[in-house]
>>> print(open('entry_6.txt').read())   # compact mmCIF, C-alpha atoms and all ligand atoms
# COMPACT_ATOMS: atom_id res chain seq x y z
CA MET A 1 100.63 99.83 80.53
CA LEU A 2 100.58 96.91 82.96
CA GLY A 3 101.62 93.72 81.21
CA HIS A 4 99.53 92.52 78.28
CA ARG A 5 101.77 94.36 75.84
CA LYS A 6 100.92 91.81 73.17
CA ILE A 7 97.22 92.49 73.50
CA LEU A 8 97.75 96.24 73.28
CA ALA A 9 99.99 95.81 70.27
CA SER A 10 97.35 93.75 68.50
CA LEU A 11 94.69 96.36 69.30
CA GLN A 12 96.97 99.02 67.90
CA GLU A 13 97.38 96.93 64.77
CA ILE A 14 93.60 96.65 64.43
CA ILE A 15 93.27 100.43 64.50
CA LYS A 16 96.14 100.93 62.10
CA ASN A 17 94.61 98.53 59.59
CA ASP A 18 91.23 100.20 59.97
CA ASN A 19 89.83 96.88 61.04
CA VAL A 20 88.05 97.90 64.24
CA GLY A 21 85.15 95.62 65.18
CA HIS A 22 81.91 96.68 66.78
CA ALA A 23 82.22 94.63 69.93
CA TYR A 24 84.94 93.02 72.00
CA ILE A 25 84.85 90.74 75.01
CA PHE A 26 87.86 91.10 77.30
CA GLU A 27 87.94 87.90 79.32
CA GLY A 28 90.10 87.15 82.35
CA PRO A 29 90.17 87.05 86.17
CA ASP A 30 89.45 90.11 88.33
CA GLY A 31 92.41 92.42 88.78
CA ILE A 32 94.23 91.19 85.68
CA GLY A 33 93.98 94.51 83.84
CA ARG A 34 90.98 94.14 81.54
CA ARG A 35 89.53 97.57 82.36
CA GLU A 36 92.91 99.33 82.14
CA THR A 37 93.45 97.79 78.72
CA ALA A 38 89.92 98.72 77.64
CA LEU A 39 90.59 102.33 78.69
CA SER A 40 93.84 102.38 76.71
CA PHE A 41 92.07 100.96 73.68
CA ALA A 42 89.33 103.59 74.04
CA ALA A 43 91.93 106.35 74.30
CA MET A 44 93.63 105.14 71.13
CA LEU A 45 90.33 104.92 69.27
CA MET A 46 89.14 108.36 70.26
CA CYS A 47 92.34 110.32 69.67
CA GLU A 48 92.11 112.64 66.68
CA ARG A 49 95.78 112.32 65.71
CA GLU A 50 98.06 109.78 64.09
CA GLN A 51 100.17 108.95 67.17
CA ALA A 52 97.27 107.89 69.36
CA PRO A 53 96.71 108.59 72.15
CA CYS A 54 98.50 111.92 71.84
CA GLY A 55 97.23 113.27 75.16
CA GLU A 56 96.89 116.72 73.61
CA CYS A 57 93.97 116.81 71.22
CA LYS A 58 90.54 117.86 72.45
CA SER A 59 89.30 114.28 72.54
CA CYS A 60 92.30 113.10 74.59
CA ARG A 61 92.05 116.00 77.02
CA LEU A 62 88.34 115.49 77.63
CA PHE A 63 88.90 111.77 78.08
CA ALA A 64 91.61 112.38 80.66
CA GLU A 65 89.21 114.71 82.51
CA GLY A 66 86.52 112.04 82.42
CA SER A 67 84.17 114.19 80.39
CA ASN A 68 84.48 113.01 76.81
CA PRO A 69 80.90 112.69 75.53
CA ASP A 70 81.97 110.00 73.06
CA PHE A 71 82.84 107.66 75.90
CA GLN A 72 80.63 105.86 78.41
CA GLU A 73 81.17 103.22 81.03
CA ILE A 74 78.64 100.94 82.70
CA TYR A 75 79.26 99.30 86.07
CA SER A 76 77.19 96.69 87.80
CA ALA A 77 75.27 98.34 90.59
CA ASP A 78 73.84 95.98 93.20
CA LYS A 79 75.77 93.10 91.69
CA SER A 80 73.93 93.12 88.37
CA ILE A 81 73.51 95.25 85.27
CA SER A 82 69.84 95.77 84.56
CA VAL A 83 67.98 96.23 81.34
CA ASP A 84 67.45 99.91 82.30
CA ASP A 85 71.20 100.45 82.72
CA ILE A 86 71.71 99.16 79.19
CA ARG A 87 68.77 101.06 77.68
CA ASN A 88 69.99 104.34 79.16
CA VAL A 89 73.27 103.97 77.35
CA LEU A 90 71.82 102.68 74.09
CA ARG A 91 69.50 105.67 73.84
CA GLY A 92 72.47 108.02 73.43
CA LEU A 93 73.99 106.00 70.60
CA VAL A 94 71.86 107.59 67.88
CA ILE A 95 73.83 110.80 68.34
CA ARG A 96 77.00 110.73 66.28
CA PRO A 97 80.35 111.12 68.04
CA LEU A 98 81.31 114.73 68.63
CA TYR A 99 85.10 114.67 68.50
CA SER A 100 86.35 111.41 67.05
CA ARG A 101 85.40 108.65 64.66
CA TYR A 102 84.10 106.40 67.41
CA LYS A 103 81.77 106.19 70.34
CA ILE A 104 83.05 103.76 72.94
CA ILE A 105 80.97 101.93 75.53
CA ILE A 106 82.75 99.87 78.16
CA ILE A 107 80.48 97.45 80.01
CA ASN A 108 82.38 96.38 83.13
CA ASP A 109 81.57 92.94 84.55
CA ALA A 110 79.28 92.28 81.61
CA ASP A 111 78.82 88.75 82.93
CA SER A 112 76.55 90.34 85.53
CA MET A 113 74.08 91.59 82.92
CA THR A 114 70.63 90.12 83.41
CA VAL A 115 69.31 88.09 80.49
CA GLN A 116 66.91 90.95 79.67
CA ALA A 117 69.85 93.37 79.68
CA GLN A 118 71.75 91.08 77.31
CA ASN A 119 68.75 90.87 75.00
CA ALA A 120 68.45 94.66 74.96
CA LEU A 121 72.13 94.92 74.12
CA LEU A 122 71.86 92.27 71.44
CA LYS A 123 69.77 94.51 69.19
CA SER A 124 72.55 97.10 69.14
CA LEU A 125 75.16 94.42 68.60
CA GLU A 126 73.28 93.12 65.59
CA GLU A 127 72.79 96.48 63.92
CA PRO A 128 75.19 98.90 65.51
CA PRO A 129 75.60 102.45 64.28
CA PRO A 130 78.85 102.33 62.29
CA TYR A 131 80.79 104.45 64.78
CA VAL A 132 80.01 102.42 67.93
CA VAL A 133 82.51 100.13 69.68
CA PHE A 134 81.42 98.04 72.66
CA ILE A 135 83.97 96.57 75.07
CA LEU A 136 82.59 94.02 77.50
CA THR A 137 84.82 92.89 80.36
CA VAL A 138 83.99 89.49 81.87
CA GLN A 139 85.59 87.03 84.27
CA SER A 140 84.26 84.14 82.32
CA GLY A 141 82.34 84.07 79.10
CA ALA A 142 80.10 81.37 80.54
CA ALA A 143 77.53 83.86 81.88
CA VAL A 144 77.16 85.65 78.56
CA THR A 145 74.50 84.33 76.19
CA PRO A 146 75.86 82.62 73.05
CA THR A 147 74.08 85.12 70.82
CA VAL A 148 75.83 88.06 72.50
CA LYS A 149 79.14 86.19 72.42
CA SER A 150 78.80 85.41 68.74
CA ARG A 151 78.65 89.15 68.00
CA CYS A 152 81.86 89.95 69.89
CA GLN A 153 85.54 89.33 69.26
CA ARG A 154 87.03 87.60 72.26
CA ILE A 155 90.33 88.71 73.75
CA LEU A 156 91.72 86.48 76.45
CA PHE A 157 93.78 87.94 79.31
CA GLU A 158 96.26 85.34 80.53
CA LYS A 159 97.89 85.45 83.92
CA LEU A 160 101.28 87.13 83.94
CA ARG A 161 104.53 85.37 84.78
CA ASP A 162 106.19 86.10 88.14
CA GLU A 163 109.00 88.03 86.41
CA GLU A 164 106.48 90.21 84.61
CA ILE A 165 104.69 91.09 87.86
CA MET A 166 108.02 91.85 89.53
CA GLN A 167 108.97 94.08 86.61
CA ILE A 168 105.70 95.99 86.90
CA LEU A 169 106.27 96.52 90.63
CA GLU A 170 109.78 97.81 89.92
CA GLU A 171 108.53 100.14 87.20
CA ARG A 172 105.92 101.54 89.54
CA TYR A 173 107.53 101.60 92.93
CA GLY A 174 111.26 101.60 92.31
CA ARG A 175 113.73 99.35 94.02
CA ARG A 176 112.74 95.82 94.94
CA LYS A 177 111.62 95.37 98.53
CA PRO A 178 112.17 92.23 100.61
CA GLU A 179 108.45 91.41 100.82
CA TRP A 180 107.94 91.52 97.05
CA ASP A 181 108.85 87.86 96.54
CA PHE A 182 105.89 87.05 98.72
CA ILE A 183 103.64 89.56 96.96
CA VAL A 184 104.52 88.18 93.53
CA SER A 185 103.88 84.57 94.58
CA TYR A 186 100.69 85.47 96.36
CA SER A 187 99.29 87.43 93.43
CA ASP A 188 99.37 84.30 91.26
CA GLY A 189 99.75 86.16 87.98
CA VAL A 190 97.08 88.78 88.70
CA VAL A 191 98.74 92.16 88.69
CA GLY A 192 95.82 93.89 90.44
CA THR A 193 96.31 91.67 93.49
CA ALA A 194 100.00 92.51 93.62
CA LEU A 195 99.31 96.25 93.42
CA GLU A 196 96.62 96.02 96.08
CA LEU A 197 99.05 94.32 98.45
CA VAL A 198 101.75 96.92 97.87
CA GLU A 199 99.37 99.82 98.20
CA SER A 200 97.43 98.78 101.27
CA PRO A 201 99.97 98.33 104.07
CA GLY A 202 97.23 96.84 106.26
CA TYR A 203 97.63 93.56 104.39
CA LEU A 204 101.33 93.30 105.03
CA GLU A 205 100.87 94.13 108.70
CA THR A 206 98.27 91.40 108.98
CA ARG A 207 100.63 89.03 107.25
CA ASP A 208 103.38 89.83 109.79
CA GLU A 209 100.97 89.18 112.64
CA VAL A 210 99.72 85.89 111.17
CA ILE A 211 103.23 84.58 110.58
CA ARG A 212 104.28 85.58 114.07
CA ALA A 213 101.24 83.77 115.46
CA ALA A 214 101.93 80.64 113.40
CA ASP A 215 105.53 80.69 114.55
CA GLN A 216 104.37 80.96 118.16
CA LEU A 217 102.01 78.03 117.76
CA LEU A 218 104.86 75.86 116.50
CA LYS A 219 106.95 76.59 119.58
CA PRO A 220 106.48 74.28 122.53
CA GLY A 221 104.91 75.96 125.53
CA ASP A 222 102.63 78.76 126.15
CA SER A 223 101.16 80.10 122.91
CA ASP A 224 97.66 81.29 123.69
CA VAL A 225 95.16 79.93 121.17
CA PHE A 226 92.40 82.25 122.38
CA LYS A 227 94.59 85.30 122.09
CA ILE A 228 95.58 84.30 118.55
CA TYR A 229 91.93 83.76 117.71
CA GLU A 230 91.36 87.44 118.49
CA LEU A 231 93.70 88.31 115.65
CA PHE A 232 91.46 86.35 113.27
CA GLU A 233 88.32 87.92 114.69
CA LYS A 234 89.73 91.43 114.35
CA ASN A 235 90.52 90.78 110.67
CA ASN A 236 87.51 88.63 109.82
CA ASP A 237 87.03 90.47 106.53
CA ARG A 238 90.26 88.95 105.26
CA THR A 239 90.08 85.41 106.60
CA GLU A 240 90.93 83.83 103.28
CA PHE A 241 94.06 85.96 103.02
CA MET A 242 95.13 84.96 106.53
CA LEU A 243 94.58 81.26 105.93
CA ARG A 244 96.63 81.44 102.75
CA ILE A 245 99.42 83.18 104.64
CA MET A 246 99.48 80.29 107.08
CA LEU A 247 99.57 77.73 104.28
CA LEU A 248 102.43 79.52 102.52
CA PHE A 249 104.39 79.77 105.77
CA PHE A 250 104.07 76.03 106.45
CA ARG A 251 104.84 75.32 102.81
CA ASP A 252 108.08 77.30 103.12
CA ILE A 253 109.11 75.38 106.24
CA ILE A 254 108.64 72.11 104.35
CA ILE A 255 110.53 73.41 101.33
CA TYR A 256 113.47 74.56 103.43
CA ASN A 257 113.37 71.39 105.48
CA GLN A 258 113.62 69.30 102.28
CA THR A 259 116.04 71.43 100.25
CA SER A 260 117.94 73.77 102.59
CA ASN A 261 117.56 76.32 99.80
CA TYR A 262 116.20 79.65 100.92
CA ASN A 263 116.20 81.12 97.43
CA ILE A 264 113.00 79.30 96.59
CA LEU A 265 111.03 80.44 99.62
CA ILE A 266 107.87 82.44 99.00
CA ASN A 267 108.30 84.31 102.28
CA SER A 268 111.95 85.00 101.60
CA ASP A 269 111.84 88.06 103.86
CA LYS A 270 110.92 85.75 106.76
CA LYS A 271 113.67 83.26 106.13
CA ASP A 272 115.15 83.46 109.63
CA MET A 273 111.88 82.35 111.14
CA ILE A 274 111.48 79.63 108.53
CA ILE A 275 114.99 78.26 109.04
CA GLU A 276 114.41 78.26 112.78
CA ASN A 277 111.37 76.00 112.31
CA ALA A 278 112.95 73.77 109.68
CA GLY A 279 113.75 71.10 112.27
CA ALA A 280 110.05 70.30 112.37
CA LYS A 281 108.98 66.86 111.29
CA LEU A 282 107.43 66.68 107.86
CA SER A 283 104.44 64.81 109.27
CA ALA A 284 103.80 67.62 111.76
CA MET A 285 103.93 70.24 109.02
CA LEU A 286 101.50 68.25 106.91
CA LYS A 287 99.17 68.13 109.92
CA CYS A 288 99.34 71.92 110.11
CA ILE A 289 98.52 72.26 106.43
CA ASN A 290 95.61 69.87 106.83
CA ALA A 291 94.34 71.87 109.79
CA VAL A 292 94.24 75.04 107.69
CA TRP A 293 92.57 73.30 104.76
CA SER A 294 89.84 71.82 106.90
CA ALA A 295 89.17 75.20 108.55
CA LYS A 296 88.89 76.73 105.08
CA ARG A 297 86.45 74.03 104.00
CA SER A 298 84.35 74.31 107.17
CA LEU A 299 84.03 78.06 106.67
CA GLU A 300 82.97 77.55 103.07
CA TYR A 301 80.15 75.40 104.45
CA ASN A 302 79.21 78.18 106.88
CA ALA A 303 80.55 76.53 110.00
CA ASN A 304 80.77 78.63 113.17
CA PHE A 305 83.69 81.01 112.61
CA GLN A 306 85.13 80.93 116.12
CA LEU A 307 84.92 77.16 116.38
CA ALA A 308 86.52 76.56 112.99
CA ILE A 309 89.42 78.91 113.68
CA GLU A 310 90.05 77.72 117.23
CA VAL A 311 90.01 74.06 116.22
CA MET A 312 92.56 74.89 113.52
CA LEU A 313 94.80 76.76 115.95
CA MET A 314 94.66 73.92 118.47
CA LYS A 315 95.48 71.33 115.83
CA ILE A 316 98.52 73.38 114.79
CA LYS A 317 99.61 73.80 118.40
CA ASP A 318 99.29 70.04 118.96
CA SER A 319 101.08 69.01 115.81
CA TYR A 320 104.05 67.73 117.84
CA VAL A 321 106.56 69.64 115.92
CA TYR A 322 109.54 68.83 118.05
ZN ZN B 401 94.77 112.74 71.02
>>> encode(input="entry_6.txt", output="structure tokens")
Amino acid sequence: MLGHRKILASLQEIIKNDNVGHAYIFEGPDGIGRRETALSFAAMLMCEREQAPCGECKSCRLFAEGSNPDFQEIYSADKSISVDDIRNVLRGLVIRPLYSRYKIIIINDADSMTVQAQNALLKSLEEPPPYVVFILTVQSGAAVTPTVKSRCQRILFEKLRDEEIMQILEERYGRRKPEWDFIVSYSDGVVGTALELVESPGYLETRDEVIRAADQLLKPGDSDVFKIYELFEKNNDRTEFMLRIMLLFFRDIIIYNQTSNYNILINSDKKDMIIENAGAKLSAMLKCINAVWSAKRSLEYNANFQLAIEVMLMKIKDSYVY
């Protein structure tokens, strides 16, 4: 299980003490492992044996195949969960569980339930059949009505520490790779982000290209702003990622410039390039960082994409680094 061992242990304790509630809210940012934990909890609840989940009993096997009739999951289609989505699931709750003591319903992104959907759910939360357990995953409890919230036990998913994320990567993928320092820093405590970066090499390639471009811009002479813009246009579905890469690269140059310590660089696998640029003036680096921030802000206000990016690139090129 990815991180959150304490949460899992407390859920195990709840089952052991026969103290299972009817509804839980798992709250935390996207990618932090709420659904994975909910699935583990469901597996433990549904297993027919003492050492749950055993992976062998009928209930466990059906669950692993995705066909356990005592388990249902709701996702938000079209960005919201409608009253019909909820009603469809609630209708089946009158039938007792077939294989285990419980029927489990996971409502993913429950903060996207419409108010009508929440009201429909509320009736079941107030008088649930004794065998039903709801697990609602939310980013923030703010979008859930207080009446629904008051019927649920809230479990908060905190961000993981850098060491914990690194440990998870090592458990999953084996020996530490040079780019993992960057991945851990970038993921900011959200393990899903770290896994996504490791598993989709496209991101790391884009990162290499962005850093190379930023490095070029800092060199006096003939970096071609319009050519570099093409890189941004080609990857315009991951602009935010690219802008953050630039910020972290400039941040590292400042850090090395001020400390001469390459052990605290985020892009430790790019340290040669960072050291090479460390002669830059602090004021120039701050100009670069400002340029990225203002591009980010302009884009948030729907400024013209090309203009915002090109202005940023020109400002970086003209930051009088040397
Ligand atoms: Zn089992």
>>> residues_around(input="entry_6.txt", residues="Met46 of chain A", least_positions_apart="6", cutoff="9 Å", atoms="all atoms listed in the file", output="PyMOL selection string")
chain A and resi 52-53+59-60+63+70-71+99-104
>>> closest_residue(input="entry_6.txt", among="A:Gln72, A:Thr114, A:Thr137, A:Ser319", to="Thr37 of chain A", atoms="all atoms listed in the file")
A:Thr137
>>> closest_residue(input="entry_6.txt", among="A:Glu209, A:Lys6, A:Arg61, A:Asp18", to="ligand ZN 401 (chain B)", atoms="only C-alpha atoms and all ligand atoms")
A:Arg61
>>> closest_residue(input="entry_6.txt", among="A:Ile105, A:Leu39, A:Ala280, A:Leu313", to="Val89 of chain A", atoms="all atoms listed in the file")
A:Ile105
>>> atom_distance(input="entry_6.txt", atom1="atom CA of Ala9 of chain A", atom2="atom CA of Glu164 of chain A")
16.7 Å
>>> residues_around(input="entry_6.txt", residues="Ile228 of chain A", least_positions_apart="5", cutoff="12 Å", atoms="only C-alpha atoms", output="PyMOL selection string")
chain A and resi 209-217+222-223+233-235+306+309-314+316-317
